[in-house]
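Undergrad: This is data.txt (compact mmCIF, C-alpha atoms).
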```txt
# COMPACT_ATOMS: atom_id res chain seq x y z
CA MET A 192 -6.61 -59.66 43.92
CA THR A 193 -9.13 -60.87 46.48
CA VAL A 194 -12.73 -60.15 45.61
CA SER A 195 -15.05 -59.37 48.52
CA PRO A 196 -18.31 -61.36 48.80
CA SER A 197 -20.47 -58.26 48.20
CA ARG A 198 -18.43 -57.34 45.14
CA ARG A 199 -18.57 -60.92 43.85
CA ASN A 200 -22.35 -61.06 44.34
CA PHE A 201 -22.81 -57.77 42.50
CA LEU A 202 -20.71 -58.84 39.53
CA THR A 203 -22.36 -62.27 39.42
CA ALA A 204 -25.84 -60.75 39.54
CA LEU A 205 -25.07 -58.44 36.66
CA GLY A 206 -23.15 -60.93 34.62
CA GLY A 207 -25.82 -63.55 34.97
CA VAL A 208 -28.26 -61.69 32.76
CA ALA A 209 -27.75 -61.58 29.04
CA ALA A 210 -27.85 -57.94 27.95
CA ALA A 211 -29.51 -58.87 24.68
CA SER A 212 -32.53 -60.27 26.49
CA LEU A 213 -33.38 -56.84 27.87
CA PHE A 214 -34.63 -55.57 24.54
CA SER A 215 -35.06 -58.79 22.58
CA SER A 216 -38.52 -57.82 21.39
CA GLN A 217 -37.25 -54.59 19.77
CA VAL A 218 -40.68 -53.07 20.25
CA LYS A 219 -41.01 -49.47 19.07
CA PRO A 220 -43.70 -47.77 21.15
CA ALA A 221 -45.98 -45.11 19.70
CA PHE A 222 -44.85 -42.12 21.75
CA PRO A 223 -47.00 -38.97 21.88
CA LEU A 224 -43.97 -36.88 20.90
CA PRO A 225 -41.54 -39.15 19.00
CA VAL A 226 -38.53 -36.89 19.50
CA SER A 227 -36.16 -39.81 18.99
CA LYS A 228 -36.81 -39.58 15.24
CA GLY A 229 -34.62 -36.47 14.95
CA PRO A 230 -30.86 -36.57 14.29
CA PHE A 231 -30.05 -37.25 17.97
CA LYS A 232 -30.95 -40.06 20.36
CA LEU A 233 -32.64 -37.88 22.97
CA SER A 234 -32.44 -39.06 26.55
CA ILE A 235 -32.63 -37.89 30.15
CA ILE A 236 -30.71 -38.91 33.26
CA THR A 237 -33.50 -40.59 35.19
CA ASP A 238 -32.58 -39.36 38.67
CA GLU A 239 -33.00 -35.77 37.44
CA ILE A 240 -36.74 -36.62 37.44
CA SER A 241 -37.01 -38.89 40.46
CA GLN A 242 -35.16 -41.51 42.50
CA ASP A 243 -38.24 -43.67 41.91
CA LEU A 244 -37.09 -45.34 38.71
CA GLY A 245 -40.53 -46.58 37.70
CA HIS A 246 -41.99 -43.08 37.98
CA ALA A 247 -39.04 -41.52 36.17
CA LEU A 248 -39.39 -43.96 33.28
CA GLU A 249 -43.13 -43.30 33.06
CA ILE A 250 -42.51 -39.55 32.79
CA ALA A 251 -39.70 -40.10 30.27
CA THR A 252 -41.91 -42.13 27.94
CA LYS A 253 -45.51 -41.02 28.39
CA GLU A 254 -44.86 -37.33 28.95
CA PHE A 255 -41.47 -36.55 27.42
CA GLY A 256 -41.78 -39.02 24.55
CA LEU A 257 -38.27 -40.42 24.87
CA ALA A 258 -36.94 -43.76 23.73
CA PHE A 259 -33.65 -43.58 25.64
CA VAL A 260 -32.51 -42.92 29.20
CA GLU A 261 -29.19 -42.53 30.99
CA LEU A 262 -28.74 -44.28 34.34
CA ARG A 263 -26.84 -42.81 37.30
CA SER A 264 -28.72 -43.50 40.55
CA MET A 265 -32.09 -44.88 41.58
CA TRP A 266 -33.84 -45.64 44.85
CA ASN A 267 -31.17 -43.46 46.48
CA LYS A 268 -28.40 -45.83 45.41
CA ASN A 269 -25.72 -45.37 42.79
CA ILE A 270 -26.14 -47.75 39.87
CA ILE A 271 -22.90 -49.56 40.69
CA ASN A 272 -24.20 -50.29 44.21
CA LEU A 273 -27.46 -51.99 43.25
CA ASP A 274 -28.12 -55.45 44.61
CA GLU A 275 -29.39 -58.42 42.61
CA LYS A 276 -33.09 -57.74 43.23
CA GLU A 277 -32.73 -54.06 42.35
CA ILE A 278 -30.91 -54.91 39.14
CA ALA A 279 -33.68 -57.29 38.13
CA GLU A 280 -36.36 -54.72 38.98
CA ALA A 281 -34.61 -52.00 36.99
CA GLN A 282 -34.36 -54.35 34.00
CA ARG A 283 -38.04 -55.22 34.31
CA LEU A 284 -39.05 -51.56 34.38
CA LEU A 285 -36.86 -50.68 31.41
CA LYS A 286 -38.26 -53.55 29.38
CA LYS A 287 -41.83 -52.64 30.34
CA SER A 288 -41.22 -49.08 29.13
CA SER A 289 -39.38 -50.24 25.97
CA LEU A 290 -36.57 -47.85 26.87
CA GLN A 291 -32.97 -48.34 25.86
CA VAL A 292 -30.02 -47.20 27.96
CA THR A 293 -27.53 -44.81 26.34
CA ASP A 294 -24.77 -45.27 28.90
CA ILE A 295 -23.93 -45.85 32.53
CA ALA A 296 -23.24 -42.49 34.22
CA SER A 297 -20.68 -43.96 36.58
CA PRO A 298 -18.47 -42.09 39.10
CA LEU A 299 -15.32 -43.61 37.54
CA LEU A 300 -12.24 -41.50 38.41
CA LYS A 301 -14.33 -38.82 40.12
CA THR A 302 -12.02 -38.85 43.10
CA ASP A 303 -8.87 -37.14 44.33
CA CYS A 304 -5.76 -37.50 42.20
CA PRO A 305 -3.20 -39.77 43.92
CA GLY A 306 -0.08 -37.97 45.12
CA ALA A 307 -1.63 -34.53 44.57
CA PRO A 308 -3.02 -32.05 47.12
CA LYS A 309 -6.62 -32.67 48.12
CA SER A 310 -8.92 -30.78 45.76
CA LYS A 311 -11.19 -28.07 47.12
CA TYR A 312 -13.91 -29.71 45.01
CA SER A 313 -13.56 -33.06 46.76
CA PRO A 314 -16.94 -33.45 48.53
CA GLU A 315 -17.34 -34.16 52.21
CA LYS A 316 -20.28 -36.45 51.46
CA PRO A 317 -20.75 -38.93 48.58
CA GLN A 318 -22.25 -37.54 45.37
CA PHE A 319 -25.08 -39.50 43.75
CA GLY A 320 -24.62 -42.27 46.28
CA ALA A 321 -21.00 -43.06 45.44
CA ASP A 322 -17.65 -42.19 46.96
CA PHE A 323 -14.66 -44.36 46.09
CA PRO A 324 -10.97 -43.52 46.69
CA PHE A 325 -8.41 -43.98 43.95
CA GLU A 326 -7.45 -47.40 45.32
CA LYS A 327 -10.94 -48.71 44.53
CA GLN A 328 -11.25 -47.35 40.99
CA GLY A 329 -10.49 -50.79 39.57
CA GLU A 330 -13.59 -52.05 41.37
CA VAL A 331 -15.59 -49.05 40.14
CA LEU A 332 -14.61 -49.95 36.58
CA GLU A 333 -15.55 -53.60 37.06
CA ARG A 334 -18.92 -52.70 38.52
CA SER A 335 -19.56 -50.11 35.79
CA VAL A 336 -18.71 -52.59 33.04
CA ALA A 337 -20.98 -55.20 34.61
CA ALA A 338 -23.81 -52.68 34.90
CA ALA A 339 -23.34 -51.60 31.28
CA LYS A 340 -23.61 -55.19 30.08
CA ALA A 341 -26.66 -55.86 32.23
CA PHE A 342 -28.46 -52.79 30.91
CA GLY A 343 -27.61 -53.30 27.26
CA THR A 344 -25.03 -50.59 26.58
CA THR A 345 -21.32 -50.53 25.78
CA ARG A 346 -20.68 -47.01 27.11
CA VAL A 347 -19.54 -45.87 30.55
CA ARG A 348 -18.95 -42.29 31.65
CA CYS A 349 -15.73 -41.31 33.43
CA PHE A 350 -13.83 -38.25 34.71
CA ASP A 351 -10.22 -37.24 35.33
CA PHE A 352 -10.11 -36.48 39.08
CA TRP A 353 -11.29 -33.55 41.16
CA ARG A 354 -9.82 -30.30 39.91
CA LEU A 355 -6.40 -29.17 41.11
CA GLU A 356 -5.27 -25.57 41.45
CA ASN A 357 -2.22 -26.50 39.39
CA GLN A 358 -2.64 -29.71 37.46
CA GLU A 359 0.43 -29.40 35.26
CA PRO A 360 2.79 -31.37 37.56
CA PHE A 361 0.26 -34.22 37.57
CA ARG A 362 -1.15 -34.01 34.04
CA ALA A 363 1.07 -36.69 32.51
CA ALA A 364 0.16 -39.11 35.32
CA ILE A 365 -3.55 -38.30 34.92
CA ASN A 366 -3.32 -38.98 31.20
CA GLU A 367 -1.62 -42.30 31.88
CA VAL A 368 -4.42 -43.34 34.26
CA LEU A 369 -6.97 -42.51 31.54
CA ARG A 370 -4.93 -44.45 28.99
CA LYS A 371 -4.69 -47.54 31.22
CA THR A 372 -8.34 -47.37 32.28
CA ALA A 373 -9.44 -47.13 28.65
CA ALA A 374 -7.27 -50.14 27.80
CA ASP A 375 -8.81 -52.14 30.63
CA ALA A 376 -12.32 -51.17 29.51
CA ALA A 377 -11.53 -52.13 25.92
CA LYS A 378 -10.94 -55.72 27.01
CA ASP A 379 -14.66 -55.90 27.79
CA GLY A 380 -15.74 -54.04 24.65
CA ILE A 381 -16.55 -50.89 26.63
CA THR A 382 -16.11 -47.32 25.40
CA LEU A 383 -15.38 -44.69 28.05
CA LEU A 384 -17.02 -41.28 27.82
CA LEU A 385 -14.86 -38.62 29.48
CA GLU A 386 -17.13 -35.84 30.70
CA ASN A 387 -15.81 -32.31 30.83
CA GLU A 388 -16.86 -31.55 34.40
CA PHE A 389 -16.43 -28.04 35.81
CA ALA A 390 -15.11 -29.45 39.11
CA CYS A 391 -12.64 -31.84 37.46
CA ASN A 392 -9.36 -31.35 35.63
CA THR A 393 -10.97 -31.50 32.18
CA ALA A 394 -13.68 -28.86 32.45
CA THR A 395 -13.80 -26.88 29.20
CA GLY A 396 -13.72 -27.51 25.47
CA ALA A 397 -10.12 -26.32 25.35
CA GLU A 398 -9.12 -28.70 28.14
CA ALA A 399 -11.05 -31.55 26.56
CA ALA A 400 -9.18 -31.02 23.29
CA ARG A 401 -5.89 -31.10 25.21
CA THR A 402 -6.78 -34.31 27.05
CA LEU A 403 -8.06 -36.13 23.95
CA HIS A 404 -4.93 -35.13 22.03
CA ALA A 405 -2.74 -36.55 24.80
CA VAL A 406 -4.80 -39.74 25.23
CA GLN A 407 -5.33 -41.23 21.79
CA SER A 408 -7.09 -44.37 23.02
CA PRO A 409 -9.72 -45.30 20.40
CA ASN A 410 -12.28 -46.26 23.06
CA LEU A 411 -11.96 -42.98 24.98
CA LEU A 412 -14.51 -40.49 23.65
CA LEU A 413 -15.83 -37.19 24.98
CA ASN A 414 -19.08 -36.63 26.82
CA TRP A 415 -19.38 -32.99 25.70
CA ASP A 416 -21.17 -30.83 28.27
CA PRO A 417 -21.55 -27.19 27.20
CA GLY A 418 -23.12 -26.37 30.58
CA ASN A 419 -20.05 -27.48 32.51
CA ALA A 420 -17.77 -25.57 30.13
CA ALA A 421 -19.84 -22.41 30.59
CA TYR A 422 -19.86 -22.88 34.36
CA ARG A 423 -16.06 -22.82 34.24
CA GLY A 424 -16.21 -19.50 32.35
CA GLU A 425 -15.69 -20.66 28.78
CA ILE A 426 -17.95 -19.57 25.93
CA ALA A 427 -19.03 -23.14 25.30
CA PHE A 428 -20.32 -22.46 21.80
CA PRO A 429 -18.73 -21.60 19.55
CA ASN A 430 -15.37 -21.11 21.34
CA GLY A 431 -15.09 -24.37 23.28
CA PHE A 432 -16.82 -26.52 20.72
CA GLU A 433 -14.69 -25.39 17.78
CA LYS A 434 -11.56 -26.74 19.51
CA LEU A 435 -12.95 -30.27 19.88
CA PRO A 436 -12.05 -33.19 17.62
CA LYS A 437 -15.60 -33.78 16.40
CA GLU A 438 -15.03 -37.44 15.55
CA ARG A 439 -14.39 -38.12 19.24
CA ILE A 440 -17.64 -36.73 20.60
CA GLY A 441 -19.43 -39.81 21.89
CA HIS A 442 -22.20 -38.29 24.00
CA VAL A 443 -23.68 -34.87 24.81
CA HIS A 444 -25.13 -33.53 28.06
CA CYS A 445 -27.49 -30.54 28.02
CA LYS A 446 -28.03 -28.11 30.89
CA ASP A 447 -28.08 -24.32 30.87
CA VAL A 448 -26.22 -21.70 32.89
CA VAL A 449 -26.69 -18.07 33.90
CA ARG A 450 -24.01 -15.65 35.04
CA LYS A 451 -24.84 -13.76 38.23
CA PRO A 452 -23.91 -10.11 38.86
CA ASP A 453 -20.97 -11.16 41.02
CA GLY A 454 -19.47 -13.13 38.13
CA SER A 455 -20.31 -16.57 39.49
CA TYR A 456 -22.61 -19.04 37.74
CA GLU A 457 -25.70 -21.04 38.54
CA TRP A 458 -27.80 -23.57 36.66
CA ALA A 459 -30.82 -22.60 34.60
CA ALA A 460 -33.59 -24.32 32.71
CA MET A 461 -32.72 -25.03 29.10
CA GLY A 462 -33.26 -21.91 26.99
CA ARG A 463 -33.06 -19.50 29.93
CA GLY A 464 -29.29 -19.28 30.10
CA ILE A 465 -26.30 -17.90 28.24
CA ILE A 466 -25.42 -20.87 26.03
CA ASP A 467 -26.20 -20.68 22.31
CA TYR A 468 -27.76 -24.11 22.15
CA VAL A 469 -29.51 -23.46 18.83
CA GLY A 470 -26.12 -22.83 17.25
CA GLN A 471 -24.66 -25.81 19.10
CA PHE A 472 -27.34 -28.19 17.87
CA ARG A 473 -27.02 -26.94 14.29
CA ALA A 474 -23.25 -27.41 14.42
CA LEU A 475 -23.61 -30.96 15.72
CA VAL A 476 -26.00 -31.78 12.88
CA GLN A 477 -23.63 -30.24 10.34
CA ASP A 478 -20.74 -32.24 11.77
CA GLY A 479 -22.72 -35.44 11.37
CA TYR A 480 -23.29 -36.23 15.04
CA HIS A 481 -26.14 -38.71 15.44
CA GLY A 482 -25.38 -40.05 18.89
CA ALA A 483 -27.04 -39.77 22.28
CA MET A 484 -27.89 -36.46 23.92
CA SER A 485 -29.13 -36.38 27.52
CA LEU A 486 -30.92 -33.69 29.45
CA GLU A 487 -29.11 -33.28 32.78
CA THR A 488 -31.45 -30.79 34.42
CA HIS A 489 -29.40 -29.77 37.52
CA TRP A 490 -31.54 -26.60 37.80
CA ASN A 491 -34.00 -26.83 40.68
CA GLY A 492 -36.03 -23.67 40.18
CA GLY A 493 -39.20 -25.58 39.36
CA GLY A 494 -39.84 -26.51 42.98
CA SER A 495 -39.11 -30.23 42.56
CA PRO A 496 -36.76 -32.33 40.42
CA GLU A 497 -39.70 -33.54 38.32
CA GLU A 498 -41.16 -30.10 37.66
CA SER A 499 -37.71 -28.60 37.07
CA SER A 500 -36.99 -31.34 34.52
CA ARG A 501 -40.43 -30.80 32.96
CA GLN A 502 -39.71 -27.10 32.39
CA SER A 503 -36.18 -27.74 31.19
CA MET A 504 -37.42 -30.45 28.83
CA ALA A 505 -39.88 -27.98 27.30
CA GLY A 506 -37.09 -25.47 26.78
CA TRP A 507 -34.84 -28.17 25.33
CA LYS A 508 -37.44 -29.23 22.77
CA GLU A 509 -38.02 -25.61 21.79
CA LEU A 510 -34.29 -25.09 21.19
CA LEU A 511 -34.04 -28.31 19.19
CA ALA A 512 -37.02 -27.27 17.08
CA LYS A 513 -35.45 -23.88 16.36
CA ALA A 514 -32.28 -25.66 15.29
CA GLY A 515 -34.24 -27.95 12.95
CA ALA A 516 -33.23 -30.95 15.04
CA LEU A 517 -36.65 -32.07 16.24
CA SER A 518 -39.03 -33.92 13.95
```
Translate the structure of the given file into C-alpha cells.

TA:
Amino acid sequence: MTVSPSRRNFLTALGGVAAASLFSSQVKPAFPLPVSKGPFKLSIITDEISQDLGHALEIATKEFGLAFVELRSMWNKNIINLDEKEIAEAQRLLKKSSLQVTDIASPLLKTDCPGAPKSKYSPEKPQFGADFPFEKQGEVLERSVAAAKAFGTTRVRCFDFWRLENQEPFRAAINEVLRKTAADAAKDGITLLLENEFACNTATGAEAARTLHAVQSPNLLLNWDPGNAAYRGEIAFPNGFEKLPKERIGHVHCKDVVRKPDGSYEWAAMGRGIIDYVGQFRALVQDGYHGAMSLETHWNGGGSPEESSRQSMAGWKELLAKAGALS
C-alpha cells in the first residue's frame, strides 16, 4: 500500500518521540482537589473545555484538580490530523501540566457501514474535525496508534459504524470488522475501547453485551457511556449496566440526559438528568473497576463550553462524593 507524504510525515513525527519520555519525571503535582486518589482515574475530554489545549489543561489541573485527560481534538483539529509542530506542542503542554493521557478518542469506524444503506446519522459535515470513509479506516487506525504511542497511552476509542435502521443483515460483517481491527491494533500493543454511541450500531448496554459476546477479542474492551444508552431510551443503570460483562469495561464516559415532554432526549449537566449515577458509581466500585472515567460534558447550557464543563464537573464531583467514590 502506498503511503502518502502527509501520512508518512504524520506517522514519522509521532513515531519519532519516545512515549516514555513524556512523563519520565513521574512528578505528582499537589492539586487543590486531588480527586484522582479515589477508586477511579478521573479525567475530562479536553475539547469539552476549550479547543485551546493549553487553557483546557490549565483548567483541568488548577481548577478541576485532575491528573488525567482524554484527547480528541485541539486547535480545531482532530488529534489524528495534527502536524509535527502541533504534536510537539501538545506534548510540551501535557508534560508542563504533569497530566497523563487516558486514551485517544479517535473517530475509528465512525463512518457508514460498507454495503449498507447510508445511515440517517451520517453527518453532512465532519464531526470533531474528522471524516474518513470506510476505505481509509486502516489509515485512521495507523494514525490513532501513532498518536497513542506519542501521548503515552495504549488505548484507542472506536465505534461500530453509523446506526442502521436494520442492522441484522450486516451485523456479522460489522463484528468481523471489529475482530480484524482489534487484531491489527494488538500487533502494536493497543487496546481498543468500543464506545456505545447512541448514533451507532452499538448504542445501549444490551447492544454492547451482544457485541462483546460476538467479538471475543481480548484487546477489545467497552467504553461504557450511560449517557448514550439513556439517550437511546435504555435505563442505563441498572438495566443496561447489569447486562454488561464487567471484566470488559475498559473506560467510562459520564454525561447526563433529560427526557423532554415529547419523549425525545437532550443533554444535561451531571446530576441534573435521569441517570442514577450514584448507583452506577457504587456498582462500579463494588465490581472492582479502577480504570479511567472521563467527563464528556456535551451539555451547553452554561453559556460556553468552559462554563458548561465547570457546572457539570461540580455535579459530577457531588455525585461521586455521594457514592463514596471521591476522597

Undergrad: Given only C-alpha atoms as the basis, pick out the residue of A:Glu487, A:Glu261, A:Glu367, A:Glu239 nearest to Arg346 of chain A.

TA: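 Looking only at the distances to Arg346 of chain A, the closest residue turns out to be A:Glu261.
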
Undergrad: Please enclose the listed atoms of segment 309-317 of chain A in an axis-aligned box, pad each side by 5 Å, and write out the centre and the three edge lengths in Å, rounded to one decimal, as lines of an AutoDock Vina configuration file.

TA:
```
center_x = -13.7
center_y = -33.5
center_z = 48.6
size_x = 24.1
size_y = 20.9
size_z = 17.2
```

Undergrad: Which of these residues is nearest to Arg439 of chain A, using all atoms listed in the file: A:Ala460, A:Leu384, A:Leu233, A:Leu257?

TA: A:Leu384

Undergrad: Excluding Arg348 of chain A and any residue of its chain fewer than 5 positions from it, enumerate the residues within 8 Å of it, using only C-alpha atoms, and give them as a PyMOL selection string.

TA: chain A and resi 294-299+383-386+414

Undergrad: Give me the residues within 7 Å of Ala420 of chain A as a PyMOL selection string, counting all atoms listed in the file and dropping any in the same chain fewer than 4 places off.

TA: chain A and resi 389+394-396+416+424-425+427

Undergrad: May I have the residues at most 10 Å from (-25.9, -42.9, 27.4) in the file's coordinates, counting all atoms listed in the file, as a PDB file with C-alpha atoms, in the frame of the given file?

TA:
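Saved the output as out.pdb:
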```pdb
ATOM      1  CA  LYS A 232     -30.950 -40.060  20.360  1.00  0.00           C
ATOM      2  CA  LEU A 233     -32.640 -37.880  22.970  1.00  0.00           C
ATOM      3  CA  SER A 234     -32.440 -39.060  26.550  1.00  0.00           C
ATOM      4  CA  ILE A 235     -32.630 -37.890  30.150  1.00  0.00           C
ATOM      5  CA  ILE A 236     -30.710 -38.910  33.260  1.00  0.00           C
ATOM      6  CA  PHE A 259     -33.650 -43.580  25.640  1.00  0.00           C
ATOM      7  CA  VAL A 260     -32.510 -42.920  29.200  1.00  0.00           C
ATOM      8  CA  GLU A 261     -29.190 -42.530  30.990  1.00  0.00           C
ATOM      9  CA  LEU A 262     -28.740 -44.280  34.340  1.00  0.00           C
ATOM     10  CA  ARG A 263     -26.840 -42.810  37.300  1.00  0.00           C
ATOM     11  CA  GLN A 291     -32.970 -48.340  25.860  1.00  0.00           C
ATOM     12  CA  VAL A 292     -30.020 -47.200  27.960  1.00  0.00           C
ATOM     13  CA  THR A 293     -27.530 -44.810  26.340  1.00  0.00           C
ATOM     14  CA  ASP A 294     -24.770 -45.270  28.900  1.00  0.00           C
ATOM     15  CA  ILE A 295     -23.930 -45.850  32.530  1.00  0.00           C
ATOM     16  CA  ALA A 296     -23.240 -42.490  34.220  1.00  0.00           C
ATOM     17  CA  ALA A 339     -23.340 -51.600  31.280  1.00  0.00           C
ATOM     18  CA  THR A 344     -25.030 -50.590  26.580  1.00  0.00           C
ATOM     19  CA  THR A 345     -21.320 -50.530  25.780  1.00  0.00           C
ATOM     20  CA  ARG A 346     -20.680 -47.010  27.110  1.00  0.00           C
ATOM     21  CA  VAL A 347     -19.540 -45.870  30.550  1.00  0.00           C
ATOM     22  CA  ARG A 348     -18.950 -42.290  31.650  1.00  0.00           C
ATOM     23  CA  LEU A 384     -17.020 -41.280  27.820  1.00  0.00           C
ATOM     24  CA  ASN A 414     -19.080 -36.630  26.820  1.00  0.00           C
ATOM     25  CA  GLY A 441     -19.430 -39.810  21.890  1.00  0.00           C
ATOM     26  CA  HIS A 442     -22.200 -38.290  24.000  1.00  0.00           C
ATOM     27  CA  VAL A 443     -23.680 -34.870  24.810  1.00  0.00           C
ATOM     28  CA  HIS A 444     -25.130 -33.530  28.060  1.00  0.00           C
ATOM     29  CA  GLY A 482     -25.380 -40.050  18.890  1.00  0.00           C
ATOM     30  CA  ALA A 483     -27.040 -39.770  22.280  1.00  0.00           C
ATOM     31  CA  MET A 484     -27.890 -36.460  23.920  1.00  0.00           C
ATOM     32  CA  SER A 485     -29.130 -36.380  27.520  1.00  0.00           C
TER      33      SER A 485
END
```

Undergrad: Between atom CA of Val336 of chain A and atom CA of Ser264 of chain A, what is the distance, to one decimal in Å?

TA: 15.5 Å

Undergrad: Mind pulling up the distance from atom CA of Ala397 of chain A to atom CA of Lys437 of chain A?

TA: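 Atom CA of Ala397 of chain A lies 12.9 Å from atom CA of Lys437 of chain A.
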
Undergrad: Pull the neighbourhood of (-2.8, -35.2, 42.8) for me: all residues within 10 Å in file coordinates, counting all atoms listed in the file, as a list in words.

TA: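 Every residue inside that radius is included here: Thr302, Asp303, Cys304, Pro305, Gly306, Ala307, Pro308, Lys309, Ser310, Phe352, Trp353, Arg354, Leu355, Asn357, Gln358, Pro360, Phe361, Arg362, Ala364 and Ile365 of chain A.
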
Undergrad: One decimal, Å: what's the distance from atom CA of Ala363 of chain A over to atom CA of Thr393 of chain A, could you say?

TA: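 Separating atom CA of Ala363 of chain A from atom CA of Thr393 of chain A is a distance of 13.1 Å.
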
Undergrad: Could you check which of A:Arg473, A:Arg463, A:Lys378, A:Lys268 is closest to Leu332 of chain A, using only C-alpha atoms?

TA: A:Lys378

Undergrad: Hey, could you patch up segment 340-362 of chain A with N, CA and C atoms and hand it over as a PDB file, keeping the file's coordinate frame?

TA:
```
ATOM      1  N   LYS A 340     -23.208 -53.962  30.770  1.00  0.00           N
ATOM      2  CA  LYS A 340     -23.610 -55.190  30.080  1.00  0.00           C
ATOM      3  C   LYS A 340     -25.011 -55.616  30.490  1.00  0.00           C
ATOM      4  N   ALA A 341     -25.333 -55.463  31.766  1.00  0.00           N
ATOM      5  CA  ALA A 341     -26.660 -55.860  32.230  1.00  0.00           C
ATOM      6  C   ALA A 341     -27.762 -54.983  31.633  1.00  0.00           C
ATOM      7  N   PHE A 342     -27.447 -53.722  31.401  1.00  0.00           N
ATOM      8  CA  PHE A 342     -28.460 -52.790  30.910  1.00  0.00           C
ATOM      9  C   PHE A 342     -28.332 -52.502  29.422  1.00  0.00           C
ATOM     10  N   GLY A 343     -27.589 -53.341  28.713  1.00  0.00           N
ATOM     11  CA  GLY A 343     -27.610 -53.300  27.260  1.00  0.00           C
ATOM     12  C   GLY A 343     -26.894 -52.149  26.604  1.00  0.00           C
ATOM     13  N   THR A 344     -25.800 -51.652  27.210  1.00  0.00           N
ATOM     14  CA  THR A 344     -25.030 -50.590  26.580  1.00  0.00           C
ATOM     15  C   THR A 344     -23.543 -50.934  26.637  1.00  0.00           C
ATOM     16  N   THR A 345     -22.763 -50.304  25.795  1.00  0.00           N
ATOM     17  CA  THR A 345     -21.320 -50.530  25.780  1.00  0.00           C
ATOM     18  C   THR A 345     -20.568 -49.264  26.210  1.00  0.00           C
ATOM     19  N   ARG A 346     -21.298 -48.303  26.802  1.00  0.00           N
ATOM     20  CA  ARG A 346     -20.680 -47.010  27.110  1.00  0.00           C
ATOM     21  C   ARG A 346     -20.792 -46.677  28.600  1.00  0.00           C
ATOM     22  N   VAL A 347     -19.653 -46.205  29.135  1.00  0.00           N
ATOM     23  CA  VAL A 347     -19.540 -45.870  30.550  1.00  0.00           C
ATOM     24  C   VAL A 347     -18.883 -44.503  30.680  1.00  0.00           C
ATOM     25  N   ARG A 348     -19.511 -43.620  31.431  1.00  0.00           N
ATOM     26  CA  ARG A 348     -18.950 -42.290  31.650  1.00  0.00           C
ATOM     27  C   ARG A 348     -17.797 -42.341  32.643  1.00  0.00           C
ATOM     28  N   CYS A 349     -16.825 -41.431  32.482  1.00  0.00           N
ATOM     29  CA  CYS A 349     -15.730 -41.310  33.430  1.00  0.00           C
ATOM     30  C   CYS A 349     -15.304 -39.848  33.558  1.00  0.00           C
ATOM     31  N   PHE A 350     -14.354 -39.595  34.465  1.00  0.00           N
ATOM     32  CA  PHE A 350     -13.830 -38.250  34.710  1.00  0.00           C
ATOM     33  C   PHE A 350     -12.300 -38.322  34.770  1.00  0.00           C
ATOM     34  N   ASP A 351     -11.671 -37.198  35.164  1.00  0.00           N
ATOM     35  CA  ASP A 351     -10.220 -37.240  35.330  1.00  0.00           C
ATOM     36  C   ASP A 351      -9.792 -36.522  36.614  1.00  0.00           C
ATOM     37  N   PHE A 352     -10.428 -36.905  37.717  1.00  0.00           N
ATOM     38  CA  PHE A 352     -10.110 -36.480  39.080  1.00  0.00           C
ATOM     39  C   PHE A 352     -10.606 -35.069  39.384  1.00  0.00           C
ATOM     40  N   TRP A 353     -10.886 -34.872  40.690  1.00  0.00           N
ATOM     41  CA  TRP A 353     -11.290 -33.550  41.160  1.00  0.00           C
ATOM     42  C   TRP A 353     -10.237 -32.516  40.807  1.00  0.00           C
ATOM     43  N   ARG A 354     -10.686 -31.326  40.479  1.00  0.00           N
ATOM     44  CA  ARG A 354      -9.820 -30.300  39.910  1.00  0.00           C
ATOM     45  C   ARG A 354      -8.745 -29.814  40.890  1.00  0.00           C
ATOM     46  N   LEU A 355      -7.536 -29.675  40.362  1.00  0.00           N
ATOM     47  CA  LEU A 355      -6.400 -29.170  41.110  1.00  0.00           C
ATOM     48  C   LEU A 355      -6.141 -27.716  40.749  1.00  0.00           C
ATOM     49  N   GLU A 356      -5.622 -26.964  41.714  1.00  0.00           N
ATOM     50  CA  GLU A 356      -5.270 -25.570  41.450  1.00  0.00           C
ATOM     51  C   GLU A 356      -4.204 -25.483  40.365  1.00  0.00           C
ATOM     52  N   ASN A 357      -3.255 -26.406  40.415  1.00  0.00           N
ATOM     53  CA  ASN A 357      -2.220 -26.500  39.390  1.00  0.00           C
ATOM     54  C   ASN A 357      -2.068 -27.958  38.996  1.00  0.00           C
ATOM     55  N   GLN A 358      -2.654 -28.305  37.869  1.00  0.00           N
ATOM     56  CA  GLN A 358      -2.640 -29.710  37.460  1.00  0.00           C
ATOM     57  C   GLN A 358      -1.437 -30.093  36.612  1.00  0.00           C
ATOM     58  N   GLU A 359      -0.668 -29.112  36.171  1.00  0.00           N
ATOM     59  CA  GLU A 359       0.430 -29.400  35.260  1.00  0.00           C
ATOM     60  C   GLU A 359       1.434 -30.436  35.785  1.00  0.00           C
ATOM     61  N   PRO A 360       1.841 -30.364  37.071  1.00  0.00           N
ATOM     62  CA  PRO A 360       2.790 -31.370  37.560  1.00  0.00           C
ATOM     63  C   PRO A 360       2.229 -32.794  37.547  1.00  0.00           C
ATOM     64  N   PHE A 361       0.915 -32.912  37.480  1.00  0.00           N
ATOM     65  CA  PHE A 361       0.260 -34.220  37.570  1.00  0.00           C
ATOM     66  C   PHE A 361      -0.422 -34.627  36.262  1.00  0.00           C
ATOM     67  N   ARG A 362      -0.375 -33.756  35.260  1.00  0.00           N
ATOM     68  CA  ARG A 362      -1.150 -34.010  34.040  1.00  0.00           C
ATOM     69  C   ARG A 362      -0.706 -35.271  33.315  1.00  0.00           C
TER      70      ARG A 362
END
```
